[in-house]
$ cat final_37.txt   # compact mmCIF, C-alpha atoms and all ligand atoms
# COMPACT_ATOMS: atom_id res chain seq x y z
CA MET A 202 0.00 0.00 0.00
CA LYS A 203 1.34 3.46 -0.92
CA THR A 204 2.16 5.65 2.06
CA TYR A 205 1.24 9.30 1.38
CA ASP A 206 2.96 12.13 3.19
CA THR A 207 -0.46 13.61 3.93
CA ILE A 208 -4.08 12.60 3.45
CA ILE A 209 -6.67 15.37 3.58
CA ILE A 210 -10.23 14.39 4.43
CA GLY A 211 -12.55 16.91 2.77
CA ALA A 212 -12.20 18.78 -0.52
CA GLY A 213 -13.88 21.97 0.72
CA ALA A 214 -12.32 25.42 0.96
CA ALA A 215 -10.08 24.41 3.89
CA GLY A 216 -8.95 21.07 2.46
CA LEU A 217 -8.12 22.52 -0.98
CA LYS A 218 -6.17 25.44 0.46
CA ALA A 219 -4.20 22.99 2.64
CA ALA A 220 -3.53 20.84 -0.43
CA HIS A 221 -2.11 23.83 -2.32
CA GLU A 222 0.45 24.46 0.43
CA LEU A 223 1.43 20.79 0.44
CA TYR A 224 1.76 20.91 -3.36
CA LEU A 225 4.16 23.88 -2.99
CA ARG A 226 6.15 21.79 -0.49
CA LYS A 227 6.24 18.91 -3.03
CA LYS A 228 4.56 16.46 -0.64
CA SER A 229 2.68 13.38 -1.83
CA VAL A 230 -0.95 14.11 -1.05
CA LEU A 231 -4.29 12.36 -1.40
CA ILE A 232 -7.64 14.09 -0.87
CA LEU A 233 -10.69 12.00 0.01
CA ASP A 234 -14.19 13.40 -0.34
CA MET A 235 -17.59 11.75 0.04
CA GLY A 236 -19.14 14.03 -2.60
CA ASP A 237 -18.96 13.83 -6.37
CA THR A 238 -17.20 17.17 -6.71
CA HIS A 239 -15.11 19.63 -4.67
CA ALA A 240 -15.92 22.90 -2.85
CA ARG A 241 -19.68 22.40 -2.99
CA LYS A 242 -20.36 24.90 -0.20
CA VAL A 243 -18.18 27.50 -1.89
CA ALA A 244 -20.23 26.99 -5.07
CA ILE A 245 -23.46 28.03 -3.36
CA SER A 246 -21.94 30.59 -1.00
CA GLY A 247 -22.92 34.24 -0.99
CA GLY A 248 -26.10 33.49 -2.97
CA GLY A 249 -23.92 32.01 -5.74
CA ASN A 250 -21.48 34.93 -5.76
CA CYS A 251 -19.23 33.76 -2.92
CA ASN A 252 -18.50 36.36 -0.27
CA PHE A 253 -14.92 35.08 -0.15
CA THR A 254 -13.41 37.36 2.49
CA ASN A 255 -13.84 40.35 4.75
CA THR A 256 -10.92 42.64 5.44
CA SER A 257 -12.32 43.55 8.87
CA ALA A 258 -11.68 40.00 10.10
CA THR A 259 -10.11 39.90 13.57
CA TYR A 260 -10.63 37.47 16.42
CA LYS A 261 -13.55 39.71 17.43
CA THR A 262 -15.50 38.63 14.33
CA TYR A 263 -15.31 34.97 15.43
CA PHE A 264 -17.25 33.02 18.04
CA GLY A 265 -16.57 29.83 20.00
CA ASN A 266 -14.92 28.98 23.32
CA ASN A 267 -11.72 30.80 22.31
CA PRO A 268 -12.03 33.25 19.38
CA LYS A 269 -8.41 34.38 20.02
CA PHE A 270 -7.36 31.00 18.60
CA THR A 271 -7.88 32.60 15.16
CA ILE A 272 -5.25 35.35 15.65
CA SER A 273 -2.20 33.45 14.42
CA ALA A 274 -3.84 31.86 11.38
CA LEU A 275 -5.41 35.18 10.31
CA LYS A 276 -1.93 36.71 10.50
CA GLN A 277 -0.28 33.87 8.57
CA PHE A 278 -2.89 34.00 5.78
CA SER A 279 -4.86 37.23 6.10
CA PRO A 280 -7.92 38.59 4.27
CA ILE A 281 -5.47 40.74 2.25
CA ASP A 282 -3.66 37.52 1.23
CA THR A 283 -7.01 36.13 0.07
CA LEU A 284 -7.75 39.31 -1.85
CA ASN A 285 -4.29 39.24 -3.47
CA TRP A 286 -4.78 35.59 -4.42
CA VAL A 287 -8.12 36.43 -6.08
CA LYS A 288 -6.53 39.39 -7.91
CA GLU A 289 -3.53 37.35 -9.02
CA LYS A 290 -5.84 34.69 -10.49
CA GLY A 291 -7.74 37.33 -12.44
CA ILE A 292 -11.06 36.64 -10.70
CA LYS A 293 -13.41 39.61 -10.96
CA PHE A 294 -14.67 40.83 -7.60
CA ILE A 295 -16.69 43.59 -6.00
CA GLU A 296 -16.60 45.20 -2.57
CA LYS A 297 -20.35 45.22 -1.86
CA GLU A 298 -20.05 46.69 1.63
CA PRO A 299 -16.88 48.12 3.20
CA GLY A 300 -14.39 45.25 3.46
CA ARG A 301 -16.85 42.62 2.20
CA TYR A 302 -15.78 41.03 -1.09
CA PHE A 303 -17.85 38.95 -3.53
CA CYS A 304 -17.15 37.43 -6.96
CA THR A 305 -18.69 39.46 -9.74
CA ASP A 306 -19.30 36.59 -12.14
CA GLY A 307 -20.12 33.79 -9.74
CA ALA A 308 -18.59 31.50 -7.14
CA LYS A 309 -17.53 29.08 -9.89
CA TYR A 310 -14.34 31.11 -10.39
CA ILE A 311 -13.22 30.51 -6.80
CA VAL A 312 -14.20 26.83 -7.02
CA ASP A 313 -12.20 26.35 -10.22
CA THR A 314 -9.18 28.30 -8.93
CA LEU A 315 -9.02 26.29 -5.70
CA LYS A 316 -8.90 23.13 -7.84
CA ASN A 317 -6.50 24.47 -10.49
CA ASP A 318 -4.08 25.55 -7.75
CA ILE A 319 -3.54 21.98 -6.61
CA LYS A 320 -2.54 20.86 -10.14
CA ASN A 321 -2.30 17.07 -10.30
CA ILE A 322 -2.98 16.26 -6.63
CA GLU A 323 -5.33 13.31 -6.63
CA ILE A 324 -8.87 13.72 -5.28
CA LYS A 325 -10.88 10.53 -4.74
CA TYR A 326 -14.53 11.54 -4.99
CA ASN A 327 -17.48 9.49 -3.68
CA THR A 328 -15.11 8.13 -1.06
CA LYS A 329 -16.59 8.31 2.40
CA VAL A 330 -14.13 8.03 5.27
CA GLU A 331 -15.47 5.83 8.06
CA SER A 332 -12.66 5.81 10.59
CA VAL A 333 -9.01 6.67 11.19
CA TYR A 334 -6.58 5.02 13.56
CA LYS A 335 -2.88 5.30 14.22
CA ASN A 336 -0.49 2.40 13.92
CA GLU A 337 2.87 3.49 15.32
CA ASN A 338 3.79 6.51 13.14
CA LEU A 339 1.22 5.86 10.38
CA PHE A 340 -2.39 6.93 10.13
CA ILE A 341 -4.66 4.26 8.61
CA VAL A 342 -7.72 5.70 6.90
CA ASN A 343 -10.69 3.39 6.36
CA THR A 344 -13.21 4.27 3.69
CA GLU A 345 -16.29 2.29 2.69
CA LYS A 346 -14.18 0.40 0.15
CA ILE A 347 -10.41 0.77 0.58
CA GLN A 348 -7.77 1.57 3.19
CA PHE A 349 -5.15 4.31 2.77
CA GLN A 350 -2.17 5.26 4.90
CA CYS A 351 -0.12 8.40 5.54
CA TYR A 352 2.34 10.07 7.91
CA SER A 353 0.12 13.06 8.65
CA ILE A 354 -3.56 13.74 8.23
CA ILE A 355 -5.66 16.90 7.89
CA ILE A 356 -9.28 16.75 9.03
CA ALA A 357 -11.14 19.29 6.89
CA THR A 358 -14.59 17.71 6.98
CA GLY A 359 -16.55 20.90 7.75
CA GLY A 360 -19.71 21.11 9.83
CA VAL A 361 -22.95 19.18 9.69
CA SER A 362 -25.27 21.94 8.52
CA TYR A 363 -26.79 22.06 5.04
CA PRO A 364 -26.95 18.26 4.75
CA VAL A 365 -28.43 18.45 1.25
CA LEU A 366 -24.83 18.88 0.06
CA GLY A 367 -23.69 15.71 1.82
CA VAL A 368 -22.12 16.22 5.23
CA SER A 369 -20.90 13.96 8.02
CA ASN A 370 -19.68 14.19 11.60
CA ILE A 371 -16.67 11.97 10.91
CA GLY A 372 -14.22 14.80 11.68
CA HIS A 373 -15.71 15.17 15.16
CA LEU A 374 -15.69 11.39 15.70
CA ILE A 375 -12.04 11.09 14.65
CA ALA A 376 -11.08 14.02 16.90
CA LYS A 377 -12.94 12.41 19.81
CA LYS A 378 -11.17 9.11 19.23
CA PHE A 379 -7.82 10.87 19.59
CA GLY A 380 -8.92 12.45 22.88
CA HIS A 381 -10.25 15.84 21.68
CA LYS A 382 -13.32 17.40 23.27
CA ILE A 383 -16.23 18.40 21.06
CA VAL A 384 -18.08 21.63 21.83
CA PRO A 385 -21.78 20.77 21.28
CA LEU A 386 -22.94 21.41 17.71
CA ARG A 387 -25.87 23.67 16.88
CA PRO A 388 -27.15 25.48 13.78
CA ALA A 389 -26.00 29.08 13.29
CA LEU A 390 -26.21 31.85 10.69
CA CYS A 391 -29.85 30.93 10.16
CA ALA A 392 -33.43 32.14 10.58
CA LEU A 393 -35.38 31.73 13.81
CA LYS A 394 -38.84 30.30 14.41
CA THR A 395 -40.94 32.47 16.75
CA LYS A 396 -44.63 32.97 17.39
CA TYR A 397 -44.35 36.65 18.31
CA PHE A 398 -45.19 38.02 14.86
CA ASP A 399 -48.19 37.69 12.53
CA ALA A 400 -47.73 35.65 9.37
CA ASN A 401 -49.05 38.63 7.35
CA LEU A 402 -45.78 40.46 8.06
CA SER A 403 -44.00 37.83 5.98
CA GLY A 404 -41.88 39.48 3.26
CA ILE A 405 -41.41 42.79 5.07
CA SER A 406 -37.84 43.81 5.79
CA CYS A 407 -36.54 46.67 7.90
CA MET A 408 -33.35 47.94 9.49
CA VAL A 409 -33.22 47.04 13.17
CA GLN A 410 -30.85 47.13 16.11
CA ILE A 411 -30.60 43.89 18.09
CA LYS A 412 -29.06 43.60 21.56
CA ASN A 413 -28.10 40.22 22.98
CA LYS A 414 -25.75 39.10 25.73
CA ASP A 415 -22.74 39.24 23.38
CA ARG A 416 -23.19 42.34 21.24
CA ILE A 417 -25.28 44.95 19.44
CA ILE A 418 -26.13 44.19 15.80
CA CYS A 419 -27.45 46.75 13.28
CA ASP A 420 -28.67 45.09 10.12
CA ASN A 421 -31.76 44.13 8.10
CA LEU A 422 -34.46 41.90 9.54
CA LEU A 423 -36.83 39.96 7.30
CA PHE A 424 -40.18 38.64 8.52
CA THR A 425 -40.91 35.13 7.28
CA HIS A 426 -43.99 32.91 7.45
CA PHE A 427 -42.44 31.02 10.41
CA GLY A 428 -40.68 33.85 12.25
CA ILE A 429 -37.74 36.11 11.49
CA GLY A 430 -34.68 35.94 9.24
CA GLY A 431 -32.42 38.23 7.24
CA PRO A 432 -28.84 39.26 8.08
CA ALA A 433 -29.66 40.75 11.51
CA ILE A 434 -31.20 37.48 12.65
CA TYR A 435 -28.58 35.25 11.00
CA ARG A 436 -25.98 37.14 12.99
CA THR A 437 -28.09 36.95 16.17
CA SER A 438 -28.25 33.15 15.81
CA LEU A 439 -24.54 32.97 16.65
CA SER A 440 -25.53 33.67 20.27
CA THR A 441 -28.08 31.96 22.48
CA GLY A 442 -30.58 33.37 24.96
CA LYS A 443 -32.89 36.34 25.11
CA PHE A 444 -32.47 39.32 22.81
CA THR A 445 -34.31 42.56 22.15
CA ILE A 446 -35.14 44.25 18.86
CA ASN A 447 -35.31 47.99 18.30
CA PHE A 448 -37.45 48.51 15.20
CA MET A 449 -36.68 52.25 15.04
CA PRO A 450 -32.93 52.45 15.69
CA ASN A 451 -31.43 55.91 16.21
CA LYS A 452 -34.88 57.41 16.82
CA ASN A 453 -36.54 58.34 20.10
CA VAL A 454 -39.96 56.77 19.49
CA PHE A 455 -41.59 58.23 22.61
CA ASP A 456 -40.43 61.77 21.74
CA ILE A 457 -41.69 61.36 18.17
CA LEU A 458 -45.14 60.22 19.38
CA LYS A 459 -45.39 62.93 22.05
CA THR A 460 -44.39 65.65 19.59
CA ALA A 461 -46.93 64.36 17.06
CA LYS A 462 -49.61 64.42 19.80
CA GLN A 463 -48.95 68.15 20.24
CA THR A 464 -48.43 69.16 16.61
CA ASN A 465 -50.52 66.64 14.60
CA GLY A 466 -53.15 65.60 17.14
CA LYS A 467 -55.85 64.82 14.55
CA LYS A 468 -53.72 62.27 12.72
CA ASP A 469 -54.19 58.51 13.26
CA ILE A 470 -51.37 57.05 15.29
CA SER A 471 -50.86 54.50 12.48
CA THR A 472 -50.26 57.36 10.01
CA ILE A 473 -47.60 58.83 12.31
CA LEU A 474 -45.83 55.52 12.81
CA GLY A 475 -46.23 54.73 9.10
CA GLU A 476 -43.77 57.55 8.40
CA TYR A 477 -41.06 55.48 10.13
CA LEU A 478 -42.12 51.85 9.76
CA PRO A 479 -43.64 49.71 6.98
CA ASN A 480 -47.43 50.14 7.34
CA LYS A 481 -48.21 46.54 8.25
CA LEU A 482 -45.53 46.58 10.90
CA ALA A 483 -46.86 49.86 12.35
CA LEU A 484 -50.32 48.26 12.58
CA PHE A 485 -48.83 45.21 14.33
CA PHE A 486 -47.74 47.39 17.26
CA LEU A 487 -51.14 49.08 17.67
CA THR A 488 -54.43 47.98 19.21
CA ASN A 489 -56.26 51.18 18.17
CA PRO A 490 -54.51 52.09 14.93
CA HIS A 491 -57.13 54.59 13.72
CA LYS A 492 -57.50 56.54 16.93
CA ASN A 493 -56.25 60.15 16.77
CA ILE A 494 -52.88 60.46 18.40
CA ALA A 495 -54.19 63.33 20.59
CA ASP A 496 -56.54 60.84 22.28
CA PHE A 497 -53.69 58.66 23.62
CA LYS A 498 -52.46 59.15 27.18
CA ASP A 499 -48.69 59.63 27.49
CA SER A 500 -48.52 56.33 29.39
CA GLU A 501 -50.15 54.58 26.40
CA LEU A 502 -47.67 56.18 23.99
CA LYS A 503 -44.87 55.06 26.30
CA GLU A 504 -46.17 51.49 26.21
CA ILE A 505 -46.27 51.54 22.39
CA SER A 506 -42.80 53.05 22.09
CA ASP A 507 -41.38 50.49 24.55
CA LYS A 508 -42.70 47.71 22.33
CA ILE A 509 -41.12 49.25 19.24
CA TYR A 510 -37.66 49.95 20.60
CA ASN A 511 -37.32 47.13 23.10
CA PHE A 512 -39.21 44.14 21.70
CA ALA A 513 -38.08 41.16 23.79
CA ILE A 514 -37.65 37.76 22.13
CA GLU A 515 -37.21 34.93 24.60
CA ASP A 516 -39.09 32.04 23.10
CA TYR A 517 -37.62 30.89 19.80
CA GLU A 518 -35.75 28.10 18.10
CA THR A 519 -33.47 28.00 15.12
CA ILE A 520 -34.78 26.78 11.80
CA GLY A 521 -32.43 23.78 12.17
CA MET A 522 -29.33 22.32 10.56
CA ASN A 523 -31.06 21.85 7.19
CA ALA A 524 -31.00 25.56 6.38
CA ALA A 525 -28.19 26.83 8.61
CA GLU A 526 -25.14 28.27 6.83
CA ILE A 527 -22.75 27.01 9.48
CA THR A 528 -22.41 24.65 12.42
CA PHE A 529 -21.59 26.34 15.72
CA GLY A 530 -19.28 24.27 17.95
CA GLY A 531 -16.94 21.50 16.85
CA VAL A 532 -13.50 20.31 17.84
CA ASP A 533 -12.47 22.26 20.95
CA THR A 534 -9.49 24.44 20.02
CA LYS A 535 -7.92 24.13 23.48
CA ASP A 536 -6.06 20.98 22.40
CA ILE A 537 -4.97 22.31 18.98
CA SER A 538 -1.92 24.52 18.28
CA SER A 539 -3.13 27.88 16.97
CA LYS A 540 0.25 28.33 15.23
CA THR A 541 0.19 25.05 13.24
CA MET A 542 -3.33 23.57 13.53
CA GLU A 543 -1.71 20.37 14.81
CA SER A 544 -3.33 18.38 17.59
CA LEU A 545 -1.59 18.78 20.93
CA LEU A 546 -2.74 15.26 21.77
CA CYS A 547 -1.70 13.34 18.66
CA PRO A 548 1.34 14.38 16.56
CA GLY A 549 0.63 14.38 12.83
CA LEU A 550 -3.11 15.04 13.26
CA PHE A 551 -4.19 18.45 11.90
CA PHE A 552 -7.51 20.30 11.64
CA ALA A 553 -8.71 22.96 9.19
CA GLY A 554 -11.93 24.91 8.68
CA GLU A 555 -15.39 24.65 10.10
CA VAL A 556 -14.82 21.29 11.81
CA MET A 557 -13.24 23.26 14.66
CA ASP A 558 -15.10 25.29 17.28
CA ILE A 559 -14.65 28.55 15.37
CA SER A 560 -17.68 30.28 13.88
CA GLY A 561 -17.38 33.45 11.86
CA ASP A 562 -19.91 36.24 11.67
CA LEU A 563 -21.93 36.70 8.49
CA GLY A 564 -19.91 38.50 5.82
CA GLY A 565 -17.11 36.31 4.41
CA PHE A 566 -15.50 35.43 7.74
CA ASN A 567 -16.17 31.70 7.53
CA LEU A 568 -14.49 31.21 4.17
CA GLN A 569 -11.59 33.34 5.39
CA TRP A 570 -11.28 31.02 8.39
CA ALA A 571 -11.36 27.97 6.08
CA PHE A 572 -8.61 29.55 3.91
CA SER A 573 -6.42 30.75 6.82
CA SER A 574 -6.60 27.54 8.84
CA GLY A 575 -6.23 25.43 5.66
CA VAL A 576 -3.06 27.29 4.64
CA VAL A 577 -1.58 26.93 8.13
CA ALA A 578 -2.37 23.20 8.33
CA GLY A 579 -0.93 22.70 4.82
CA ARG A 580 2.29 24.52 5.73
CA ASN A 581 2.84 22.37 8.80
CA ALA A 582 1.46 18.91 8.04
C1 LIG B 601 -25.81 28.33 1.78
C2 LIG B 601 -24.45 28.74 2.34
C3 LIG B 601 -23.92 29.97 2.00
C4 LIG B 601 -22.68 30.36 2.54
N1 LIG B 601 -22.14 31.55 2.15
C5 LIG B 601 -20.94 31.94 2.66
C6 LIG B 601 -20.31 33.12 2.20
O1 LIG B 601 -20.77 33.79 1.27
N2 LIG B 601 -19.14 33.49 2.81
C7 LIG B 601 -18.55 32.75 3.80
O2 LIG B 601 -17.50 33.14 4.31
N3 LIG B 601 -19.10 31.58 4.20
C8 LIG B 601 -20.27 31.15 3.65
N4 LIG B 601 -20.80 29.95 4.03
C9 LIG B 601 -20.05 29.12 5.01
C10 LIG B 601 -18.84 28.48 4.30
O3 LIG B 601 -19.26 27.97 3.05
C11 LIG B 601 -18.25 27.33 5.14
O4 LIG B 601 -17.96 27.78 6.44
C12 LIG B 601 -16.97 26.80 4.50
O5 LIG B 601 -17.21 26.37 3.18
C13 LIG B 601 -16.42 25.64 5.31
O6 LIG B 601 -15.32 25.08 4.61
P1 LIG B 601 -14.69 23.70 5.07
O7 LIG B 601 -13.68 23.37 4.04
O8 LIG B 601 -14.28 23.79 6.49
O9 LIG B 601 -15.88 22.66 5.04
P2 LIG B 601 -16.80 22.19 3.81
O10 LIG B 601 -16.83 23.18 2.73
O11 LIG B 601 -18.10 21.78 4.42
O12 LIG B 601 -16.03 20.92 3.24
C14 LIG B 601 -16.01 19.70 3.94
C15 LIG B 601 -15.82 18.58 2.94
O13 LIG B 601 -15.65 17.37 3.67
C16 LIG B 601 -16.32 16.34 3.00
N5 LIG B 601 -16.63 15.26 3.96
C17 LIG B 601 -17.41 15.33 5.06
N6 LIG B 601 -17.47 14.12 5.66
C18 LIG B 601 -16.71 13.28 4.92
C19 LIG B 601 -16.41 11.89 5.02
N7 LIG B 601 -16.91 11.11 5.98
N8 LIG B 601 -15.59 11.35 4.07
C20 LIG B 601 -15.09 12.11 3.05
N9 LIG B 601 -15.37 13.43 2.90
C21 LIG B 601 -16.18 14.00 3.84
C22 LIG B 601 -17.57 17.00 2.44
O14 LIG B 601 -18.07 16.28 1.34
C23 LIG B 601 -17.03 18.38 2.04
O15 LIG B 601 -16.64 18.44 0.69
C24 LIG B 601 -22.01 29.50 3.48
C25 LIG B 601 -22.55 28.25 3.79
C26 LIG B 601 -23.74 27.87 3.22
C27 LIG B 601 -24.29 26.49 3.58
$ encode --input "final_37.txt" --output "structure tokens"
Amino acid sequence: MKTYDTIIIGAGAAGLKAAHELYLRKKSVLILDMGDTHARKVAISGGGNCNFTNTSATYKTYFGNNPKFTISALKQFSPIDTLNWVKEKGIKFIEKEPGRYFCTDGAKYIVDTLKNDIKNIEIKYNTKVESVYKNENLFIVNTEKIQFQCYSIIIATGGVSYPVLGVSNIGHLIAKKFGHKIVPLRPALCALKTKYFDANLSGISCMVQIKNKDRIICDNLLFTHFGIGGPAIYRTSLSTGKFTINFMPNKNVFDILKTAKQTNGKKDISTILGEYLPNKLALFFLTNPHKNIADFKDSELKEISDKIYNFAIEDYETIGMNAAEITFGGVDTKDISSKTMESLLCPGLFFAGEVMDISGDLGGFNLQWAFSSGVVAGRNA
């Protein structure tokens, strides 16, 4: 049986970037993937246009037990390195929001470049890894059909969300077998199911400010037929627990209503609020929408304004792994070297990408993590 220098499990963004570094180091490499093609998540990322990096990436844009674990890898292969790589390959891109880069002509260009970069490194598709064990200094990799062996191994098997693309928890099982702890997995960067809002709000989107135990988020919220989604909520799903929504950020709702009571007393309260909120949403907050604003007591206006700027959401659940962009949790980084991505428990065992307990915010941070950690693992395996 041939002994490879390195076997990479997973031909996603992290595995392919690792393979490129190993190719530059002239190592013999084999990539195993259970799917029939490579970089399938990259292909659908960013709505098909791949938000491939974000130049504001720092450890503060990552979540998990130890976000500072990302510092070294982000330094070794930074968002600017990603941007330069994209430029060098002639891929057209656009900065849609400050620091947030997308492909202009589709994610396909990143997918193809990741593959072209690794030249003739062999990828065995439709090859599902079932287990890995170590025999003295060799790793033995069991797939459904054949066994392979290598001196070092990179686990780049991603998370378990978006199962329609074919996912598995083998990376977590292998890590566990070698003594690593797994931070419990849950869906993240996804919509939330709640019963607080009427289904007739579905389709409405508005700019909101959300406060949770971790941070304040200003972004768009979209009402759906089952609850709430959109970027503000995707980002909120990275945290757990109660949060509040301010539907009129940067406005003093109570002052606006009180001033209107004095200056526009004959107007319906719904007309006043309709100047600031989508009409259906304004109606949602009101029990007497067509009453003149002059006929409301200040205490009633206060109650309405409290609801608008401090709407508490306590009872909700995520939409589930099926539609989540990422998996929160994964291999605990406390037993992995942040400088090399090598296991501190088993020499020769490396990790890259989403399989680890590192979750990026919405905005290109997760692919950047896959690239950075993949490069570092590939330089050290
Ligand atoms: C709809 C959607 C949109 C997204 N958009 C963006 C975006 O615009 N920007 C951004 O930064 N992030 C985005 N993400 C997140 C980002 O795509 C992922 O975080 C990133 O691709 C993870 O890369 P990875 O290489 O770690 O894992 P993956 O890309 O998941 O690759 C893991 C690979 O391992 C293989 N594998 C798993 N188990 C086995 C096994 N047992 N045997 C063999 N092979 C196996 C899988 O087939 C897969 O090819 C999006 C995700 C989704 C689902």
$ atom_distance --input "final_37.txt" --atom1 "atom CA of A:His491" --atom2 "atom CA of A:Ile411"
28.9 Å
$ atom_distance --input "final_37.txt" --atom1 "atom CA of A:Phe497" --atom2 "atom CA of A:Asn447"
21.9 Å
$ residues_around --input "final_37.txt" --residues "stretch 205-209 of chain A" --least-positions-apart "3" --cutoff "10 Å" --atoms "all atoms listed in the file" --output "VMD selection string"
chain A and resid 202 212 215 to 217 219 to 220 223 227 to 234 324 339 to 342 349 to 358 549 to 553 579 582
$ residues_near_point --input "final_37.txt" --point "(-36.0, 43.5, 14.4)" --cutoff "9 Å" --atoms "all atoms listed in the file" --output "mmCIF file with C-alpha atoms, in the coordinates of the input"
data_model
loop_
_atom_site.group_PDB
_atom_site.id
_atom_site.type_symbol
_atom_site.label_atom_id
_atom_site.label_comp_id
_atom_site.auth_asym_id
_atom_site.auth_seq_id
_atom_site.Cartn_x
_atom_site.Cartn_y
_atom_site.Cartn_z
ATOM 1 C CA SER A 406 -37.840 43.810 5.790
ATOM 2 C CA CYS A 407 -36.540 46.670 7.900
ATOM 3 C CA MET A 408 -33.350 47.940 9.490
ATOM 4 C CA VAL A 409 -33.220 47.040 13.170
ATOM 5 C CA GLN A 410 -30.850 47.130 16.110
ATOM 6 C CA ILE A 411 -30.600 43.890 18.090
ATOM 7 C CA ASP A 420 -28.670 45.090 10.120
ATOM 8 C CA ASN A 421 -31.760 44.130 8.100
ATOM 9 C CA LEU A 422 -34.460 41.900 9.540
ATOM 10 C CA LEU A 423 -36.830 39.960 7.300
ATOM 11 C CA PHE A 424 -40.180 38.640 8.520
ATOM 12 C CA ILE A 429 -37.740 36.110 11.490
ATOM 13 C CA ALA A 433 -29.660 40.750 11.510
ATOM 14 C CA ILE A 434 -31.200 37.480 12.650
ATOM 15 C CA THR A 445 -34.310 42.560 22.150
ATOM 16 C CA ILE A 446 -35.140 44.250 18.860
ATOM 17 C CA ASN A 447 -35.310 47.990 18.300
ATOM 18 C CA PHE A 448 -37.450 48.510 15.200
ATOM 19 C CA MET A 449 -36.680 52.250 15.040
ATOM 20 C CA PHE A 512 -39.210 44.140 21.700
#
$ closest_residue --input "final_37.txt" --among "A:Ser332, A:Ser403, A:Thr314, A:Ser471" --to "ligand LIG 601 (chain B)" --atoms "all atoms listed in the file"
A:Ser332
$ residues_around --input "final_37.txt" --residues "A:Phe270" --least-positions-apart "2" --cutoff "9 Å" --atoms "all atoms listed in the file" --output "PyMOL selection string"
chain A and resi 260+267-268+272-274+534-535+538-540+559
$ closest_residue --input "final_37.txt" --among "A:Phe253, A:Tyr302, A:Phe444, A:Tyr517" --to "ligand LIG 601 (chain B)" --atoms "only C-alpha atoms and all ligand atoms"
A:Phe253
$ residues_around --input "final_37.txt" --residues "A:Thr238" --least-positions-apart "2" --cutoff "7 Å" --atoms "only C-alpha atoms" --output "list in words"
Gly236, Arg241 and Tyr326 of chain A
$ closest_residue --input "final_37.txt" --among "A:Cys251, A:Ile281, A:Cys547, A:Ile405" --to "ligand LIG 601 (chain B)" --atoms "only C-alpha atoms and all ligand atoms"
A:Cys251
$ closest_residue --input "final_37.txt" --among "A:Ser369, A:Thr262, A:His221, A:Glu331" --to "A:Ile319" --atoms "all atoms listed in the file"
A:His221
$ residues_around --input "final_37.txt" --residues "A:Ile527" --least-positions-apart "6" --cutoff "9 Å" --atoms "all atoms listed in the file" --output "PyMOL selection string"
chain A and resi 359-363+387-391+555+560-561+567
$ write_last_selection --input "final_37.txt" --atoms "C-alpha atoms" --output "mmCIF file, in the coordinates of the input"
data_model
loop_
_atom_site.group_PDB
_atom_site.id
_atom_site.type_symbol
_atom_site.label_atom_id
_atom_site.label_comp_id
_atom_site.auth_asym_id
_atom_site.auth_seq_id
_atom_site.Cartn_x
_atom_site.Cartn_y
_atom_site.Cartn_z
ATOM 1 C CA GLY A 359 -16.550 20.900 7.750
ATOM 2 C CA GLY A 360 -19.710 21.110 9.830
ATOM 3 C CA VAL A 361 -22.950 19.180 9.690
ATOM 4 C CA SER A 362 -25.270 21.940 8.520
ATOM 5 C CA TYR A 363 -26.790 22.060 5.040
ATOM 6 C CA ARG A 387 -25.870 23.670 16.880
ATOM 7 C CA PRO A 388 -27.150 25.480 13.780
ATOM 8 C CA ALA A 389 -26.000 29.080 13.290
ATOM 9 C CA LEU A 390 -26.210 31.850 10.690
ATOM 10 C CA CYS A 391 -29.850 30.930 10.160
ATOM 11 C CA GLU A 555 -15.390 24.650 10.100
ATOM 12 C CA SER A 560 -17.680 30.280 13.880
ATOM 13 C CA GLY A 561 -17.380 33.450 11.860
ATOM 14 C CA ASN A 567 -16.170 31.700 7.530
#
$ residues_around --input "final_37.txt" --residues "stretch 473-487 of chain A" --least-positions-apart "6" --cutoff "12 Å" --atoms "all atoms listed in the file" --output "ChimeraX atom specification"
/A:397-409,423-424,447-455,457-462,464-467,493-495,497,501-502,504-512
$ atom_distance --input "final_37.txt" --atom1 "atom CA of A:Leu366" --atom2 "atom CA of A:Ile383"
22.7 Å
